[in-house]
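As provided, structure-v5.txt (compact mmCIF, N, CA and C atoms) reads as follows.
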# COMPACT_ATOMS: atom_id res chain seq x y z
N MET A 101 -24.56 -221.91 -83.39
CA MET A 101 -25.42 -221.66 -84.52
C MET A 101 -26.82 -221.24 -84.08
N VAL A 102 -27.32 -221.82 -83.03
CA VAL A 102 -28.65 -221.49 -82.51
C VAL A 102 -28.67 -220.04 -82.03
N TYR A 103 -27.58 -219.59 -81.39
CA TYR A 103 -27.52 -218.22 -80.90
C TYR A 103 -27.55 -217.21 -82.05
N ILE A 104 -26.93 -217.53 -83.14
CA ILE A 104 -26.93 -216.64 -84.30
C ILE A 104 -28.34 -216.51 -84.86
N ILE A 105 -29.05 -217.60 -84.95
CA ILE A 105 -30.42 -217.57 -85.47
C ILE A 105 -31.32 -216.76 -84.52
N ILE A 106 -31.15 -216.94 -83.22
CA ILE A 106 -31.94 -216.18 -82.25
C ILE A 106 -31.62 -214.69 -82.37
N PHE A 107 -30.35 -214.35 -82.47
CA PHE A 107 -29.94 -212.94 -82.61
C PHE A 107 -30.54 -212.32 -83.86
N ILE A 108 -30.47 -213.01 -84.99
CA ILE A 108 -31.03 -212.50 -86.25
C ILE A 108 -32.53 -212.32 -86.13
N THR A 109 -33.21 -213.26 -85.52
CA THR A 109 -34.66 -213.17 -85.34
C THR A 109 -35.03 -211.96 -84.49
N ILE A 110 -34.30 -211.74 -83.42
CA ILE A 110 -34.56 -210.58 -82.56
C ILE A 110 -34.27 -209.28 -83.32
N ALA A 111 -33.19 -209.24 -84.07
CA ALA A 111 -32.83 -208.05 -84.84
C ALA A 111 -33.90 -207.75 -85.89
N VAL A 112 -34.40 -208.78 -86.56
CA VAL A 112 -35.45 -208.58 -87.57
C VAL A 112 -36.72 -208.06 -86.92
N ALA A 113 -37.04 -208.51 -85.72
CA ALA A 113 -38.25 -208.07 -85.03
C ALA A 113 -38.10 -206.66 -84.47
N LEU A 114 -36.93 -206.31 -83.94
CA LEU A 114 -36.73 -205.00 -83.33
C LEU A 114 -36.41 -203.89 -84.32
N GLY A 115 -35.86 -204.23 -85.47
CA GLY A 115 -35.47 -203.22 -86.45
C GLY A 115 -36.58 -202.26 -86.81
N PRO A 116 -37.72 -202.73 -87.27
CA PRO A 116 -38.82 -201.81 -87.60
C PRO A 116 -39.33 -201.03 -86.39
N LEU A 117 -39.32 -201.64 -85.23
CA LEU A 117 -39.79 -200.93 -84.03
C LEU A 117 -38.86 -199.78 -83.67
N LEU A 118 -37.57 -199.99 -83.78
CA LEU A 118 -36.61 -198.92 -83.46
C LEU A 118 -36.66 -197.79 -84.47
N SER A 119 -36.98 -198.11 -85.72
CA SER A 119 -37.05 -197.04 -86.74
C SER A 119 -38.25 -196.14 -86.53
N MET A 120 -39.22 -196.57 -85.73
CA MET A 120 -40.40 -195.76 -85.47
C MET A 120 -40.21 -194.77 -84.32
N LEU A 121 -39.13 -194.88 -83.58
CA LEU A 121 -38.87 -193.95 -82.50
C LEU A 121 -38.59 -192.56 -83.06
N PRO A 122 -39.09 -191.50 -82.40
CA PRO A 122 -38.85 -190.15 -82.92
C PRO A 122 -37.38 -189.75 -82.82
N SER A 123 -36.95 -188.96 -83.78
CA SER A 123 -35.57 -188.47 -83.76
C SER A 123 -35.43 -187.37 -82.71
N LYS A 124 -34.21 -186.95 -82.48
CA LYS A 124 -33.94 -185.88 -81.51
C LYS A 124 -34.66 -184.59 -81.93
N HIS A 125 -34.63 -184.28 -83.22
CA HIS A 125 -35.30 -183.07 -83.72
C HIS A 125 -36.82 -183.17 -83.54
N GLN A 126 -37.39 -184.33 -83.81
CA GLN A 126 -38.83 -184.50 -83.65
C GLN A 126 -39.24 -184.37 -82.19
N ARG A 127 -38.42 -184.88 -81.28
CA ARG A 127 -38.72 -184.73 -79.85
C ARG A 127 -38.62 -183.27 -79.43
N ALA A 128 -37.65 -182.54 -79.99
CA ALA A 128 -37.51 -181.11 -79.65
C ALA A 128 -38.72 -180.33 -80.14
N ILE A 129 -39.21 -180.62 -81.34
CA ILE A 129 -40.39 -179.93 -81.86
C ILE A 129 -41.60 -180.21 -80.99
N ALA A 130 -41.78 -181.45 -80.60
CA ALA A 130 -42.90 -181.81 -79.73
C ALA A 130 -42.80 -181.07 -78.40
N ASP A 131 -41.59 -180.93 -77.89
CA ASP A 131 -41.38 -180.21 -76.62
C ASP A 131 -41.71 -178.73 -76.79
N PHE A 132 -41.26 -178.09 -77.88
CA PHE A 132 -41.58 -176.68 -78.13
C PHE A 132 -43.09 -176.48 -78.21
N ARG A 133 -43.76 -177.34 -78.93
CA ARG A 133 -45.21 -177.19 -79.10
C ARG A 133 -45.96 -177.40 -77.79
N GLU A 134 -45.51 -178.33 -76.99
CA GLU A 134 -46.15 -178.56 -75.69
C GLU A 134 -45.92 -177.38 -74.76
N ARG A 135 -44.71 -176.86 -74.73
CA ARG A 135 -44.42 -175.69 -73.89
C ARG A 135 -45.22 -174.48 -74.34
N ALA A 136 -45.33 -174.31 -75.66
CA ALA A 136 -46.11 -173.19 -76.19
C ALA A 136 -47.57 -173.32 -75.77
N ARG A 137 -48.11 -174.52 -75.89
CA ARG A 137 -49.50 -174.74 -75.51
C ARG A 137 -49.73 -174.40 -74.04
N LYS A 138 -48.78 -174.74 -73.19
CA LYS A 138 -48.92 -174.49 -71.75
C LYS A 138 -48.95 -173.01 -71.41
N VAL A 139 -48.31 -172.16 -72.23
CA VAL A 139 -48.34 -170.72 -71.96
C VAL A 139 -49.38 -170.00 -72.82
N GLY A 140 -50.25 -170.76 -73.47
CA GLY A 140 -51.36 -170.16 -74.21
C GLY A 140 -51.08 -169.81 -75.66
N ILE A 141 -50.00 -170.30 -76.21
CA ILE A 141 -49.66 -170.02 -77.60
C ILE A 141 -50.27 -171.10 -78.48
N LEU A 142 -50.94 -170.69 -79.55
CA LEU A 142 -51.55 -171.60 -80.50
C LEU A 142 -50.53 -171.93 -81.59
N VAL A 143 -50.34 -173.21 -81.87
CA VAL A 143 -49.41 -173.64 -82.92
C VAL A 143 -50.23 -174.11 -84.11
N GLN A 144 -49.94 -173.53 -85.28
CA GLN A 144 -50.65 -173.91 -86.50
C GLN A 144 -49.64 -174.23 -87.59
N LEU A 145 -49.91 -175.29 -88.31
CA LEU A 145 -49.04 -175.68 -89.42
C LEU A 145 -49.52 -174.98 -90.67
N ARG A 146 -49.14 -173.72 -90.81
CA ARG A 146 -49.54 -172.95 -91.98
C ARG A 146 -48.47 -171.92 -92.32
N GLU A 147 -48.49 -171.51 -93.55
CA GLU A 147 -47.52 -170.54 -94.05
C GLU A 147 -48.11 -169.13 -93.96
N PRO A 148 -47.27 -168.10 -93.89
CA PRO A 148 -47.79 -166.73 -93.89
C PRO A 148 -48.41 -166.39 -95.24
N LYS A 149 -49.49 -165.61 -95.21
CA LYS A 149 -50.18 -165.22 -96.45
C LYS A 149 -50.11 -163.72 -96.62
N ASN A 150 -50.39 -163.29 -97.83
CA ASN A 150 -50.50 -161.87 -98.16
C ASN A 150 -49.24 -161.06 -97.86
N ILE A 151 -48.10 -161.66 -98.13
CA ILE A 151 -46.86 -160.90 -98.01
C ILE A 151 -46.67 -160.14 -99.31
N PRO A 152 -46.51 -158.83 -99.25
CA PRO A 152 -46.32 -158.06 -100.48
C PRO A 152 -45.10 -158.54 -101.28
N ALA A 153 -45.20 -158.39 -102.58
CA ALA A 153 -44.13 -158.88 -103.46
C ALA A 153 -42.79 -158.22 -103.15
N ARG A 154 -42.80 -156.98 -102.71
CA ARG A 154 -41.53 -156.29 -102.42
C ARG A 154 -40.83 -156.85 -101.19
N LEU A 155 -41.56 -157.58 -100.35
CA LEU A 155 -40.98 -158.18 -99.14
C LEU A 155 -40.76 -159.67 -99.36
N GLN A 156 -39.83 -160.00 -100.20
CA GLN A 156 -39.53 -161.40 -100.50
C GLN A 156 -38.76 -162.02 -99.34
N ARG A 157 -39.27 -163.15 -98.83
CA ARG A 157 -38.56 -163.87 -97.78
C ARG A 157 -37.21 -164.33 -98.29
N ARG A 158 -36.26 -164.43 -97.39
CA ARG A 158 -34.91 -164.82 -97.81
C ARG A 158 -34.81 -166.29 -98.14
N SER A 159 -35.76 -167.12 -97.68
CA SER A 159 -35.72 -168.54 -97.99
C SER A 159 -37.14 -169.04 -98.24
N ASP A 160 -37.22 -170.21 -98.83
CA ASP A 160 -38.51 -170.84 -99.07
C ASP A 160 -38.78 -171.96 -98.09
N ALA A 161 -38.08 -171.98 -96.98
CA ALA A 161 -38.25 -173.03 -95.98
C ALA A 161 -39.67 -173.01 -95.42
N ALA A 162 -40.18 -174.18 -95.11
CA ALA A 162 -41.51 -174.29 -94.52
C ALA A 162 -41.50 -173.67 -93.12
N LEU A 163 -42.55 -172.93 -92.81
CA LEU A 163 -42.64 -172.26 -91.52
C LEU A 163 -43.87 -172.73 -90.75
N VAL A 164 -43.82 -172.57 -89.44
CA VAL A 164 -44.92 -172.91 -88.56
C VAL A 164 -45.30 -171.64 -87.80
N CYS A 165 -46.61 -171.44 -87.62
CA CYS A 165 -47.11 -170.23 -86.97
C CYS A 165 -47.38 -170.48 -85.49
N TYR A 166 -46.76 -169.67 -84.64
CA TYR A 166 -47.04 -169.66 -83.21
C TYR A 166 -47.75 -168.34 -82.95
N SER A 167 -48.98 -168.37 -82.46
CA SER A 167 -49.74 -167.14 -82.31
C SER A 167 -50.49 -167.09 -80.98
N ARG A 168 -50.89 -165.88 -80.64
CA ARG A 168 -51.68 -165.68 -79.42
C ARG A 168 -52.47 -164.39 -79.56
N ARG A 169 -53.67 -164.38 -79.02
CA ARG A 169 -54.52 -163.19 -79.06
C ARG A 169 -53.91 -162.10 -78.18
N LEU A 170 -54.10 -160.86 -78.61
CA LEU A 170 -53.58 -159.72 -77.86
C LEU A 170 -54.42 -159.47 -76.62
N ASN A 171 -53.83 -158.82 -75.64
CA ASN A 171 -54.59 -158.39 -74.47
C ASN A 171 -55.67 -157.42 -74.93
N VAL A 172 -56.77 -157.38 -74.22
CA VAL A 172 -57.93 -156.57 -74.63
C VAL A 172 -57.56 -155.10 -74.78
N GLU A 173 -56.76 -154.57 -73.89
CA GLU A 173 -56.41 -153.15 -73.94
C GLU A 173 -55.49 -152.80 -75.11
N VAL A 174 -54.91 -153.80 -75.76
CA VAL A 174 -53.98 -153.58 -76.86
C VAL A 174 -54.67 -153.80 -78.21
N ARG A 175 -55.77 -154.50 -78.23
CA ARG A 175 -56.45 -154.83 -79.49
C ARG A 175 -56.88 -153.57 -80.23
N GLY A 176 -56.91 -153.67 -81.53
CA GLY A 176 -57.31 -152.56 -82.38
C GLY A 176 -56.15 -151.68 -82.81
N ALA A 177 -54.96 -152.03 -82.40
CA ALA A 177 -53.78 -151.24 -82.80
C ALA A 177 -53.52 -151.42 -84.29
N GLU A 178 -52.71 -150.57 -84.83
CA GLU A 178 -52.37 -150.61 -86.25
C GLU A 178 -51.64 -151.92 -86.58
N PRO A 179 -52.14 -152.67 -87.56
CA PRO A 179 -51.46 -153.93 -87.94
C PRO A 179 -50.08 -153.64 -88.54
N GLU A 180 -49.18 -154.60 -88.38
CA GLU A 180 -47.84 -154.46 -88.95
C GLU A 180 -47.32 -155.84 -89.32
N LEU A 181 -46.48 -155.87 -90.33
CA LEU A 181 -45.86 -157.09 -90.81
C LEU A 181 -44.38 -156.84 -90.95
N TRP A 182 -43.57 -157.73 -90.38
CA TRP A 182 -42.13 -157.67 -90.53
C TRP A 182 -41.67 -158.95 -91.18
N VAL A 183 -40.82 -158.83 -92.20
CA VAL A 183 -40.32 -159.98 -92.95
C VAL A 183 -38.80 -159.90 -93.01
N ARG A 184 -38.17 -161.06 -92.73
CA ARG A 184 -36.71 -161.12 -92.89
C ARG A 184 -36.45 -161.31 -94.38
N CYS A 185 -36.01 -160.25 -95.01
CA CYS A 185 -35.73 -160.29 -96.45
C CYS A 185 -34.27 -160.71 -96.66
N ARG A 186 -33.85 -160.67 -97.87
CA ARG A 186 -32.50 -161.15 -98.20
C ARG A 186 -31.40 -160.37 -97.48
N SER A 187 -31.57 -159.09 -97.32
CA SER A 187 -30.52 -158.30 -96.68
C SER A 187 -30.78 -158.05 -95.19
N GLU A 188 -32.03 -157.74 -94.84
CA GLU A 188 -32.35 -157.41 -93.46
C GLU A 188 -33.86 -157.46 -93.25
N TRP A 189 -34.29 -157.17 -92.03
CA TRP A 189 -35.71 -157.11 -91.73
C TRP A 189 -36.33 -155.88 -92.37
N GLU A 190 -37.53 -156.03 -92.91
CA GLU A 190 -38.27 -154.91 -93.47
C GLU A 190 -39.71 -154.96 -93.00
N SER A 191 -40.35 -153.80 -92.94
CA SER A 191 -41.75 -153.75 -92.52
C SER A 191 -42.64 -153.41 -93.71
N ARG A 192 -43.89 -153.85 -93.64
CA ARG A 192 -44.83 -153.57 -94.72
C ARG A 192 -45.12 -152.07 -94.80
N SER A 193 -45.20 -151.40 -93.65
CA SER A 193 -45.53 -149.99 -93.63
C SER A 193 -44.35 -149.09 -93.99
N GLY A 194 -43.16 -149.61 -93.94
CA GLY A 194 -41.97 -148.80 -94.18
C GLY A 194 -41.45 -148.15 -92.92
N SER A 195 -42.12 -148.38 -91.79
CA SER A 195 -41.67 -147.83 -90.51
C SER A 195 -40.39 -148.53 -90.08
N PRO A 196 -39.61 -147.89 -89.22
CA PRO A 196 -38.41 -148.56 -88.72
C PRO A 196 -38.76 -149.85 -88.00
N VAL A 197 -37.92 -150.84 -88.16
CA VAL A 197 -38.13 -152.15 -87.54
C VAL A 197 -37.70 -152.06 -86.08
N PRO A 198 -38.53 -152.56 -85.14
CA PRO A 198 -38.16 -152.51 -83.72
C PRO A 198 -36.87 -153.28 -83.46
N THR A 199 -36.13 -152.82 -82.47
CA THR A 199 -34.86 -153.47 -82.15
C THR A 199 -35.05 -154.92 -81.72
N GLU A 200 -36.18 -155.24 -81.07
CA GLU A 200 -36.46 -156.62 -80.67
C GLU A 200 -36.56 -157.53 -81.88
N VAL A 201 -37.14 -157.02 -82.96
CA VAL A 201 -37.28 -157.82 -84.18
C VAL A 201 -35.92 -157.99 -84.85
N LYS A 202 -35.14 -156.94 -84.91
CA LYS A 202 -33.83 -157.01 -85.54
C LYS A 202 -32.90 -158.00 -84.84
N ALA A 203 -33.11 -158.19 -83.54
CA ALA A 203 -32.20 -159.01 -82.75
C ALA A 203 -32.53 -160.51 -82.77
N VAL A 204 -33.66 -160.89 -83.34
CA VAL A 204 -34.08 -162.29 -83.24
C VAL A 204 -33.18 -163.23 -84.03
N THR A 205 -33.29 -164.50 -83.69
CA THR A 205 -32.50 -165.54 -84.33
C THR A 205 -32.88 -165.69 -85.80
N GLU A 206 -32.00 -166.27 -86.57
CA GLU A 206 -32.21 -166.44 -88.01
C GLU A 206 -33.32 -167.43 -88.35
N ASN A 207 -33.84 -168.14 -87.36
CA ASN A 207 -34.88 -169.13 -87.63
C ASN A 207 -36.27 -168.53 -87.71
N ILE A 208 -36.43 -167.28 -87.35
CA ILE A 208 -37.71 -166.59 -87.43
C ILE A 208 -37.69 -165.74 -88.70
N ASP A 209 -38.71 -165.92 -89.55
CA ASP A 209 -38.72 -165.22 -90.84
C ASP A 209 -39.83 -164.18 -90.99
N VAL A 210 -40.96 -164.37 -90.32
CA VAL A 210 -42.09 -163.46 -90.49
C VAL A 210 -42.76 -163.23 -89.14
N ILE A 211 -43.08 -161.97 -88.86
CA ILE A 211 -43.82 -161.60 -87.65
C ILE A 211 -44.98 -160.73 -88.10
N LEU A 212 -46.19 -161.14 -87.74
CA LEU A 212 -47.39 -160.41 -88.14
C LEU A 212 -48.13 -159.99 -86.89
N LEU A 213 -48.33 -158.69 -86.76
CA LEU A 213 -49.09 -158.13 -85.65
C LEU A 213 -50.40 -157.61 -86.24
N THR A 214 -51.52 -158.29 -85.96
CA THR A 214 -52.81 -157.87 -86.47
C THR A 214 -53.54 -157.08 -85.39
N GLU A 215 -54.78 -156.71 -85.66
CA GLU A 215 -55.58 -156.01 -84.66
C GLU A 215 -55.99 -156.93 -83.52
N GLU A 216 -55.93 -158.24 -83.77
CA GLU A 216 -56.41 -159.21 -82.80
C GLU A 216 -55.32 -160.08 -82.18
N ASP A 217 -54.23 -160.35 -82.94
CA ASP A 217 -53.24 -161.30 -82.43
C ASP A 217 -51.84 -161.00 -82.95
N ILE A 218 -50.89 -161.75 -82.39
CA ILE A 218 -49.50 -161.72 -82.84
C ILE A 218 -49.20 -163.09 -83.41
N GLN A 219 -48.54 -163.13 -84.58
CA GLN A 219 -48.19 -164.39 -85.22
C GLN A 219 -46.70 -164.37 -85.54
N VAL A 220 -46.01 -165.40 -85.07
CA VAL A 220 -44.58 -165.53 -85.33
C VAL A 220 -44.38 -166.80 -86.15
N PHE A 221 -43.81 -166.64 -87.33
CA PHE A 221 -43.57 -167.77 -88.23
C PHE A 221 -42.09 -168.12 -88.18
N TRP A 222 -41.81 -169.38 -87.85
CA TRP A 222 -40.41 -169.83 -87.77
C TRP A 222 -40.31 -171.27 -88.22
N ASP A 223 -39.08 -171.75 -88.40
CA ASP A 223 -38.86 -173.09 -88.96
C ASP A 223 -38.69 -174.18 -87.89
N GLU A 224 -38.89 -173.85 -86.63
CA GLU A 224 -38.77 -174.77 -85.50
C GLU A 224 -37.39 -175.41 -85.41
N ARG A 225 -36.40 -174.68 -85.84
CA ARG A 225 -35.01 -175.10 -85.69
C ARG A 225 -34.31 -174.05 -84.82
N GLY A 226 -33.11 -174.32 -84.44
CA GLY A 226 -32.36 -173.34 -83.65
C GLY A 226 -32.40 -173.60 -82.16
N GLY A 227 -33.09 -174.65 -81.74
CA GLY A 227 -33.06 -175.06 -80.35
C GLY A 227 -33.72 -174.09 -79.39
N GLU A 228 -33.25 -174.14 -78.15
CA GLU A 228 -33.82 -173.34 -77.06
C GLU A 228 -33.73 -171.84 -77.33
N THR A 229 -32.64 -171.41 -77.94
CA THR A 229 -32.47 -169.99 -78.22
C THR A 229 -33.57 -169.48 -79.13
N ALA A 230 -33.82 -170.19 -80.21
CA ALA A 230 -34.86 -169.77 -81.15
C ALA A 230 -36.23 -169.81 -80.51
N TYR A 231 -36.53 -170.88 -79.76
CA TYR A 231 -37.84 -170.96 -79.11
C TYR A 231 -38.00 -169.83 -78.09
N GLY A 232 -36.94 -169.51 -77.38
CA GLY A 232 -36.99 -168.40 -76.42
C GLY A 232 -37.35 -167.09 -77.09
N TRP A 233 -36.81 -166.85 -78.28
CA TRP A 233 -37.14 -165.64 -79.03
C TRP A 233 -38.60 -165.64 -79.45
N VAL A 234 -39.10 -166.78 -79.90
CA VAL A 234 -40.51 -166.87 -80.31
C VAL A 234 -41.41 -166.52 -79.13
N GLU A 235 -41.14 -167.12 -77.99
CA GLU A 235 -41.96 -166.87 -76.81
C GLU A 235 -41.85 -165.40 -76.38
N ARG A 236 -40.67 -164.84 -76.46
CA ARG A 236 -40.48 -163.43 -76.07
C ARG A 236 -41.23 -162.49 -77.01
N LEU A 237 -41.16 -162.74 -78.32
CA LEU A 237 -41.87 -161.91 -79.28
C LEU A 237 -43.38 -161.98 -79.07
N VAL A 238 -43.88 -163.17 -78.82
CA VAL A 238 -45.32 -163.32 -78.55
C VAL A 238 -45.70 -162.52 -77.31
N GLN A 239 -44.90 -162.61 -76.26
CA GLN A 239 -45.19 -161.88 -75.04
C GLN A 239 -45.16 -160.37 -75.27
N LEU A 240 -44.16 -159.88 -75.99
CA LEU A 240 -44.09 -158.45 -76.29
C LEU A 240 -45.28 -158.02 -77.13
N GLY A 241 -45.71 -158.86 -78.05
CA GLY A 241 -46.86 -158.54 -78.89
C GLY A 241 -48.14 -158.43 -78.12
N ILE A 242 -48.41 -159.40 -77.23
CA ILE A 242 -49.68 -159.36 -76.50
C ILE A 242 -49.73 -158.23 -75.49
N GLU A 243 -48.58 -157.74 -75.08
CA GLU A 243 -48.53 -156.61 -74.16
C GLU A 243 -48.52 -155.26 -74.87
N GLY A 244 -48.43 -155.29 -76.21
CA GLY A 244 -48.43 -154.04 -76.97
C GLY A 244 -47.09 -153.35 -77.01
N GLN A 245 -46.02 -154.04 -76.74
CA GLN A 245 -44.70 -153.43 -76.70
C GLN A 245 -43.87 -153.66 -77.96
N LEU A 246 -44.48 -154.24 -78.98
CA LEU A 246 -43.74 -154.58 -80.18
C LEU A 246 -44.07 -153.59 -81.29
N LYS A 247 -43.63 -152.39 -81.12
CA LYS A 247 -43.85 -151.35 -82.13
C LYS A 247 -42.55 -150.59 -82.33
N SER A 248 -42.46 -149.89 -83.43
CA SER A 248 -41.27 -149.08 -83.72
C SER A 248 -41.12 -148.01 -82.66
N ARG A 249 -39.87 -147.79 -82.29
CA ARG A 249 -39.61 -146.77 -81.27
C ARG A 249 -38.69 -145.70 -81.80
In structure tokens, what does this structure look like?
Amino acid sequence: MVYIIIFITIAVALGPLLSMLPSKHQRAIADFRERARKVGILVQLREPKNIPARLQRRSDAALVCYSRRLNVEVRGAEPELWVRCRSEWESRSGSPVPTEVKAVTENIDVILLTEEDIQVFWDERGGETAYGWVERLVQLGIEGQLKSR
């Protein structure tokens, strides 16, 4: 009987502590953000703005922005916005979508190339494959290689 009371007491004490441990998904997100920070990518918890009405995103899922400033020699280029719409990727300018953008994982919904930086909006799901695409898109953007061909 004493052992049962001790076991219950320990279970009551450890239960709340164990529930505070991060889940597998939360640990993966923390890992993605730490890796991004190490390669110079800024992570911001914000949604994309100023998406034209004709470019409706295919989902309303919350997105996170991974961005980085462009290399100096690439800055000042023509801005572009690519959005994964219901059927396929579309660009704000109407230009053909680059093959790199068409090939990305389904977890990336918006890519914004401004005069100063590249911004990739994704849902932080999809594991290593999705994160690899985010990092690759950012790298192509800062080098000026993410344009229609």
- request: Would you mind telling me which residue in A:Val204, A:Asp223, A:Cys185, A:Val174 lies nearest to Gly241 of chain A when using only N, CA and C atoms?
  value: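 Under the stated criterion, the closest residue is A:Val174.
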- prompt: Which is closest to Lys149 of chain A among A:Ala128, A:Ile108, A:Leu170, A:Leu163, if we use only C-alpha atoms?
  reply: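 Smallest distance to Lys149 of chain A is found for A:Leu163.
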message: Set the distance at 10 Å and use only C-alpha atoms: which residues neighbour Val183 of chain A once local chain neighbours fewer than 6 positions away are removed? I'd like the list as a list in words.
response: Ile151, Pro152, Leu155, Gln156, Arg157, Arg158, Trp189, Glu190, Ser191, Arg192, Val197, Val201, Ile208, Asp209, Val210, Ile211, Leu212 and Phe221 of chain A
- prompt: Of the candidates A:Leu145, A:Ala162, A:Val102, A:Ala136, which shows the shortest atom-to-atom distance to Glu235 of chain A, using all atoms listed in the file?
  reply: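 Checking each candidate against Glu235 of chain A, we get A:Ala136 as the closest.
Nearest-residue note for Glu216 of chain A: choosing from A:His125, A:Arg175, A:Arg135, A:Arg186, the minimum distance belongs to A:Arg175, counting only C-alpha atoms.
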query: Residues of chain A in helix (DSSP H, G or I) according to DSSP, as JSON, numbers by chain?
result: {"A": [102, 103, 104, 105, 106, 107, 108, 109, 110, 111, 112, 113, 114, 115, 116, 117, 118, 119, 124, 125, 126, 127, 128, 129, 130, 131, 132, 133, 134, 135, 136, 137, 138, 199, 200, 201, 202, 227, 228, 229, 230, 231, 232, 233, 234, 235, 236, 237, 238, 239, 240, 241, 242]}
Selected residue, from A:Cys165, A:Ala177, A:Ala113, A:Ile105, that lies nearest to Gln219 of chain A when counting all atoms listed in the file: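 The answer is A:Cys165, which sits nearest to Gln219 of chain A.
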message: According to DSSP computed on the backbone, where in chain A is there strand (DSSP E)? Give the residues as a VMD selection string.
response: chain A and resid 142 to 144 164 to 169 180 to 184 189 to 191 208 to 213 217 to 222
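Between atom C of Trp233 of chain A and atom N of Ser167 of chain A lies a distance of 11.1 Å.
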query: Counting only C-alpha atoms, what is within 12 Å of Ala203 of chain A, bar same-chain residues fewer than 3 positions away, as a PyMOL selection string?
result: chain A and resi 184+188-189+197-200+206-208+229-230+233-234+236-237
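Across the model, the gap from atom N of Gln144 of chain A to atom CA of Glu173 of chain A is 24.2 Å.
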- prompt: Of the candidates A:Phe107, A:Tyr166, A:Trp182, A:Tyr231, which shows the shortest atom-to-atom distance to Leu142 of chain A, using only N, CA and C atoms?
  reply: A:Tyr166
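Coordinates place atom CA of Asn150 of chain A at a distance of 21.8 Å from atom CA of Ile242 of chain A.
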Where atoms are missing, can you supply all heavy atoms for segment 117-122 of chain A and output the lot as a compact mmCIF listing (two decimals), in the coordinates of the input?
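Result saved to selection-v2.txt:
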# COMPACT_ATOMS: atom_id res chain seq x y z
N LEU A 117 -39.32 -201.64 -85.23
CA LEU A 117 -39.79 -200.93 -84.03
C LEU A 117 -38.86 -199.78 -83.67
O LEU A 117 -39.31 -198.69 -83.31
CB LEU A 117 -39.90 -201.90 -82.85
CG LEU A 117 -40.97 -202.98 -82.98
CD1 LEU A 117 -40.89 -203.93 -81.79
CD2 LEU A 117 -42.34 -202.36 -83.07
N LEU A 118 -37.57 -199.99 -83.78
CA LEU A 118 -36.61 -198.92 -83.46
C LEU A 118 -36.66 -197.79 -84.47
O LEU A 118 -36.42 -196.63 -84.13
CB LEU A 118 -35.19 -199.50 -83.37
CG LEU A 118 -34.94 -200.44 -82.20
CD1 LEU A 118 -33.54 -201.02 -82.27
CD2 LEU A 118 -35.16 -199.73 -80.88
N SER A 119 -36.98 -198.11 -85.72
CA SER A 119 -37.05 -197.04 -86.74
C SER A 119 -38.25 -196.14 -86.53
O SER A 119 -38.31 -195.04 -87.08
CB SER A 119 -37.09 -197.66 -88.14
OG SER A 119 -38.32 -198.33 -88.34
N MET A 120 -39.22 -196.57 -85.73
CA MET A 120 -40.40 -195.76 -85.47
C MET A 120 -40.21 -194.77 -84.32
O MET A 120 -41.06 -193.91 -84.10
CB MET A 120 -41.60 -196.66 -85.19
CG MET A 120 -42.03 -197.45 -86.42
SD MET A 120 -43.36 -198.61 -86.09
CE MET A 120 -44.63 -197.55 -85.45
N LEU A 121 -39.13 -194.88 -83.58
CA LEU A 121 -38.87 -193.95 -82.50
C LEU A 121 -38.59 -192.56 -83.06
O LEU A 121 -37.93 -192.41 -84.09
CB LEU A 121 -37.67 -194.42 -81.67
CG LEU A 121 -37.86 -195.72 -80.88
CD1 LEU A 121 -36.54 -196.10 -80.22
CD2 LEU A 121 -38.95 -195.54 -79.84
N PRO A 122 -39.09 -191.50 -82.40
CA PRO A 122 -38.85 -190.15 -82.92
C PRO A 122 -37.38 -189.75 -82.82
O PRO A 122 -36.68 -190.15 -81.88
CB PRO A 122 -39.72 -189.27 -82.03
CG PRO A 122 -39.98 -190.08 -80.81
CD PRO A 122 -39.89 -191.51 -81.20
